[in-house]
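Undergrad: Here it is, the structure in full.
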Amino acid sequence: MKAADIVVTAQGARFMGRQFPCAIGRGGIVPAAQKREGDGATPAGEHRLVGMLYNPARLPRPADWALPVSHADRWSDDPRDPDYNLMVRLPHRFGHERLWRADPLYDLILLTDWNWPEAEPGRGSAIFVHSWRRPRFPTAGCVAFARKDLLWIAPRIRHQTRLIVRG
């Protein structure tokens with residue numbers, strides 16, 4: 001573990017010597033081998049951060065490597081989809097999640113390598129780091145922070161930064 005890692009427990013997170021409140025999945029933290037699509041759990045383990053997405057209508061680019069999303073961008077969460085656990089665009093006939101939302105939850109998204117890039121259907125999709133709905137309100141399995149904290153964290157992430165989730 002390095003200071004550049006984001007370390008998450010059910011009690012909160014630590015990054016670059018600072019403590020942050022955070023939210024985890026409504027199903028709690030589970031061993032990675034037990035993670036399943038739709039269980040609401042956050043998988044324990046070391047997860048690489050492999051991308052950053054942002055809504056350009058609401059935020060300036062948070063880091064030089066962040067990519068903007070559009071109204072057509074989605075994330076496949078349908079285990080039957082050949083593009084399961086990948087970013088897809090409309091039209092898309094399988095189940096998916098909107099990346100451009102009316103609420104601010106996905107204004108900034110850190111993508112993890114959970115079940116990616118070669119996804120095993122049903123093992124769970126889209127373990128993102130994003131803004132929380134309200135303080136510590138459980139997610140569907142992602143890790144969520146207060147918007148101001150996420151905006152502080154994002155530009156400080158480096159290539160080697162990992163999301164370490166401890167059960």
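In the structure tokens, chains take letters A, B, ... by order of appearance, with residues numbered from 1 within each chain and ligands from 1 in the order shown.
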Excluding Pro56 of chain A and its own-chain neighbours fewer than 4 positions away, which residues fall within 8 Å of it when counting only C-alpha atoms? Please give them as a count of residues only.
TA: 4
Undergrad: I'd like the contact shell of segment 22-35 of chain A - 10 Å cut-off, only C-alpha atoms, skipping same-chain residues fewer than 5 positions apart - returned as JSON, numbers by chain.
TA: {"A": [8, 9, 10, 11, 12, 13, 14, 40, 41, 42, 43, 44, 45, 46, 114, 115, 122, 123, 124, 125, 127, 129, 130, 131, 132, 133, 134, 135, 136, 137, 138, 139, 140, 141, 142, 143, 144, 145, 146, 149, 150, 165, 166, 167]}
Undergrad: Using only N, CA and C atoms, please write the residues we just selected to a file, as a compact mmCIF listing (two decimals), in the first residue's frame.
TA:
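Contents of out.txt, as written:
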# COMPACT_ATOMS: atom_id res chain seq x y z
N VAL A 8 -10.16 2.07 1.18
CA VAL A 8 -11.56 2.16 1.60
C VAL A 8 -11.90 1.04 2.57
N THR A 9 -12.59 1.40 3.64
CA THR A 9 -13.18 0.43 4.55
C THR A 9 -14.64 0.85 4.75
N ALA A 10 -15.39 0.07 5.49
CA ALA A 10 -16.78 0.44 5.76
C ALA A 10 -16.86 1.73 6.58
N GLN A 11 -15.77 2.12 7.25
CA GLN A 11 -15.77 3.33 8.08
C GLN A 11 -15.37 4.59 7.33
N GLY A 12 -14.72 4.47 6.17
CA GLY A 12 -14.30 5.65 5.43
C GLY A 12 -13.12 5.33 4.53
N ALA A 13 -12.48 6.39 4.04
CA ALA A 13 -11.37 6.22 3.10
C ALA A 13 -10.19 7.08 3.50
N ARG A 14 -9.01 6.67 3.02
CA ARG A 14 -7.78 7.41 3.25
C ARG A 14 -7.07 7.57 1.91
N GLY A 40 -25.48 -5.55 -4.94
CA GLY A 40 -25.29 -4.32 -4.18
C GLY A 40 -24.04 -4.30 -3.33
N ALA A 41 -23.15 -5.25 -3.51
CA ALA A 41 -21.95 -5.36 -2.69
C ALA A 41 -20.75 -4.70 -3.37
N THR A 42 -19.83 -4.24 -2.56
CA THR A 42 -18.56 -3.69 -3.02
C THR A 42 -17.51 -4.78 -2.86
N PRO A 43 -16.82 -5.15 -3.94
CA PRO A 43 -15.83 -6.24 -3.83
C PRO A 43 -14.54 -5.79 -3.15
N ALA A 44 -14.09 -6.59 -2.19
CA ALA A 44 -12.82 -6.33 -1.53
C ALA A 44 -11.68 -6.60 -2.52
N GLY A 45 -10.55 -5.97 -2.27
CA GLY A 45 -9.38 -6.24 -3.09
C GLY A 45 -8.71 -4.98 -3.58
N GLU A 46 -7.71 -5.18 -4.42
CA GLU A 46 -6.95 -4.09 -5.02
C GLU A 46 -7.44 -3.91 -6.45
N TRP A 114 -12.51 -3.64 -12.06
CA TRP A 114 -13.31 -4.77 -11.58
C TRP A 114 -13.95 -5.50 -12.76
N ASN A 115 -13.67 -6.79 -12.88
CA ASN A 115 -14.25 -7.67 -13.90
C ASN A 115 -14.09 -7.06 -15.30
N GLY A 122 -22.12 -11.95 -15.12
CA GLY A 122 -22.72 -12.17 -13.81
C GLY A 122 -21.84 -11.87 -12.62
N ARG A 123 -20.54 -11.61 -12.83
CA ARG A 123 -19.62 -11.33 -11.72
C ARG A 123 -19.72 -9.90 -11.22
N GLY A 124 -20.49 -9.08 -11.91
CA GLY A 124 -20.67 -7.70 -11.49
C GLY A 124 -20.03 -6.73 -12.45
N SER A 125 -20.71 -5.63 -12.65
CA SER A 125 -20.22 -4.61 -13.57
C SER A 125 -20.08 -3.28 -12.85
N ILE A 127 -17.95 -1.13 -11.10
CA ILE A 127 -17.56 -0.66 -9.77
C ILE A 127 -16.84 0.66 -10.00
N VAL A 129 -16.07 4.84 -8.86
CA VAL A 129 -15.95 5.79 -7.76
C VAL A 129 -16.66 7.04 -8.28
N HIS A 130 -17.66 7.52 -7.54
CA HIS A 130 -18.46 8.65 -7.99
C HIS A 130 -18.96 9.46 -6.79
N SER A 131 -19.74 10.49 -7.05
CA SER A 131 -20.31 11.32 -5.97
C SER A 131 -21.46 10.59 -5.29
N TRP A 132 -21.61 10.83 -4.01
CA TRP A 132 -22.71 10.19 -3.31
C TRP A 132 -24.01 10.97 -3.46
N ARG A 133 -25.10 10.25 -3.24
CA ARG A 133 -26.45 10.84 -3.30
C ARG A 133 -26.64 11.77 -2.11
N ARG A 134 -26.26 11.31 -0.95
CA ARG A 134 -26.23 12.09 0.30
C ARG A 134 -25.24 11.38 1.20
N PRO A 135 -24.79 12.02 2.27
CA PRO A 135 -23.73 11.43 3.09
C PRO A 135 -23.97 9.98 3.48
N ARG A 136 -23.00 9.16 3.08
CA ARG A 136 -22.96 7.73 3.40
C ARG A 136 -24.14 6.92 2.91
N PHE A 137 -24.96 7.48 2.02
CA PHE A 137 -26.09 6.74 1.46
C PHE A 137 -25.54 5.59 0.61
N PRO A 138 -25.95 4.35 0.88
CA PRO A 138 -25.38 3.20 0.17
C PRO A 138 -25.54 3.28 -1.34
N THR A 139 -24.60 2.68 -2.04
CA THR A 139 -24.59 2.61 -3.49
C THR A 139 -25.05 1.23 -3.94
N ALA A 140 -25.02 1.01 -5.24
CA ALA A 140 -25.34 -0.31 -5.80
C ALA A 140 -24.10 -1.21 -5.82
N GLY A 141 -23.00 -0.76 -5.20
CA GLY A 141 -21.76 -1.54 -5.15
C GLY A 141 -20.54 -0.67 -5.37
N CYS A 142 -20.76 0.53 -5.83
CA CYS A 142 -19.65 1.47 -6.07
C CYS A 142 -19.16 2.07 -4.76
N VAL A 143 -18.11 2.88 -4.87
CA VAL A 143 -17.62 3.68 -3.75
C VAL A 143 -17.97 5.12 -4.08
N ALA A 144 -18.55 5.84 -3.14
CA ALA A 144 -19.00 7.20 -3.41
C ALA A 144 -18.48 8.16 -2.34
N PHE A 145 -18.16 9.38 -2.79
CA PHE A 145 -17.64 10.43 -1.93
C PHE A 145 -18.48 11.69 -2.08
N ALA A 146 -18.33 12.59 -1.12
CA ALA A 146 -18.89 13.93 -1.27
C ALA A 146 -18.27 14.54 -2.52
N ASP A 149 -14.96 16.33 -2.10
CA ASP A 149 -13.84 15.41 -1.82
C ASP A 149 -13.40 14.70 -3.10
N LEU A 150 -14.36 14.26 -3.90
CA LEU A 150 -14.02 13.60 -5.17
C LEU A 150 -13.29 14.56 -6.10
N VAL A 165 -9.95 -1.87 -1.39
CA VAL A 165 -11.15 -2.04 -0.56
C VAL A 165 -10.89 -3.15 0.43
N ARG A 166 -10.99 -2.80 1.71
CA ARG A 166 -10.75 -3.76 2.79
C ARG A 166 -12.03 -4.09 3.51
N GLY A 167 -12.31 -5.39 3.62
CA GLY A 167 -13.53 -5.84 4.29
C GLY A 167 -13.39 -5.92 5.78
Undergrad: Using only C-alpha atoms, which residues sit within 10 Å of segment 79-92 of chain A once same-chain residues fewer than 5 positions away are excluded, as a list in words?
TA: Glu37, Ser70, His71, Ala72, Asp73, Arg74, Glu97, Arg98, Leu99, Asp113, Trp114, Asn115, Trp116, Pro117, Glu118, Ala119, Glu120, Pro121, Gly122, Arg123, Gly124, Ser125, Ala126 and Ile127 of chain A
Undergrad: Output C-alpha atoms of each residue in that selection to a file, as a compact mmCIF listing (two decimals), in the first residue's frame.
TA:
# COMPACT_ATOMS: atom_id res chain seq x y z
CA GLU A 37 -24.32 -8.69 -10.60
CA SER A 70 -22.21 12.49 -23.96
CA HIS A 71 -25.97 11.91 -23.81
CA ALA A 72 -25.52 8.67 -25.78
CA ASP A 73 -22.94 7.07 -23.45
CA ARG A 74 -23.98 4.09 -21.34
CA GLU A 97 -26.82 2.40 -17.15
CA ARG A 98 -26.80 6.05 -18.24
CA LEU A 99 -23.48 7.85 -17.79
CA ASP A 113 -10.71 -2.67 -13.43
CA TRP A 114 -13.31 -4.77 -11.58
CA ASN A 115 -14.25 -7.67 -13.90
CA TRP A 116 -12.62 -5.80 -16.79
CA PRO A 117 -11.54 -5.89 -19.60
CA GLU A 118 -12.46 -9.57 -20.05
CA ALA A 119 -15.71 -9.60 -18.10
CA GLU A 120 -17.12 -12.81 -16.69
CA PRO A 121 -20.92 -12.54 -17.12
CA GLY A 122 -22.72 -12.17 -13.81
CA ARG A 123 -19.62 -11.33 -11.72
CA GLY A 124 -20.67 -7.70 -11.49
CA SER A 125 -20.22 -4.61 -13.57
CA ALA A 126 -19.32 -0.98 -13.10
CA ILE A 127 -17.56 -0.66 -9.77
Undergrad: How far is it from atom CA of Pro155 of chain A to atom CA of Gly17 of chain A, in Å with one decimal?
TA: 15.5 Å
Undergrad: Pull the alpha helix (DSSP H) assignments for segment 62-164 of chain A out of DSSP run on the backbone, and list those residues as a list in words.
TA: Arg147, Lys148, Asp149, Leu150, Leu151, Trp152 and Ile153 of chain A
Undergrad: Do you have the atom CA of Ala63 of chain A-atom CA of Asp77 of chain A distance handy?
TA: 26.5 Å
Undergrad: Rounded to one decimal place, report the atom CA of Thr112 of chain A-atom CA of Val50 of chain A distance in Å.
TA: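 One can read the atom CA of Thr112 of chain A to atom CA of Val50 of chain A distance as 5.5 Å.
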Undergrad: Can you tell me, as an NGL selection string, which residues in segment 13-89 of chain A count as strand (DSSP E) by DSSP?
TA: :A and (13-15 or 18-20 or 22-23 or 29-30 or 42-43 or 45-54 or 67-68 or 73-76 or 87-89)
Undergrad: List the spatial neighbours of His159 of chain A as a ChimeraX atom specification - criterion: any atom at most 10 Å away, only C-alpha atoms, same-chain residues fewer than 3 positions off excluded.
TA: /A:4,48-51,162
Undergrad: For the residues in that selection, give me C-alpha atoms as a PDB file, in the first residue's frame.
TA:
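Once written, again-v9.pdb looks like this:
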ATOM      1  CA  ALA A   4      -1.075   7.364  -3.506  1.00  0.00           C
ATOM      2  CA  ARG A  48      -6.616  -0.403 -10.616  1.00  0.00           C
ATOM      3  CA  LEU A  49      -8.092   2.906 -11.685  1.00  0.00           C
ATOM      4  CA  VAL A  50      -8.292   2.611 -15.458  1.00  0.00           C
ATOM      5  CA  GLY A  51     -10.187   5.700 -16.522  1.00  0.00           C
ATOM      6  CA  ARG A 162      -5.188   1.857  -6.788  1.00  0.00           C
TER       7      ARG A 162
END
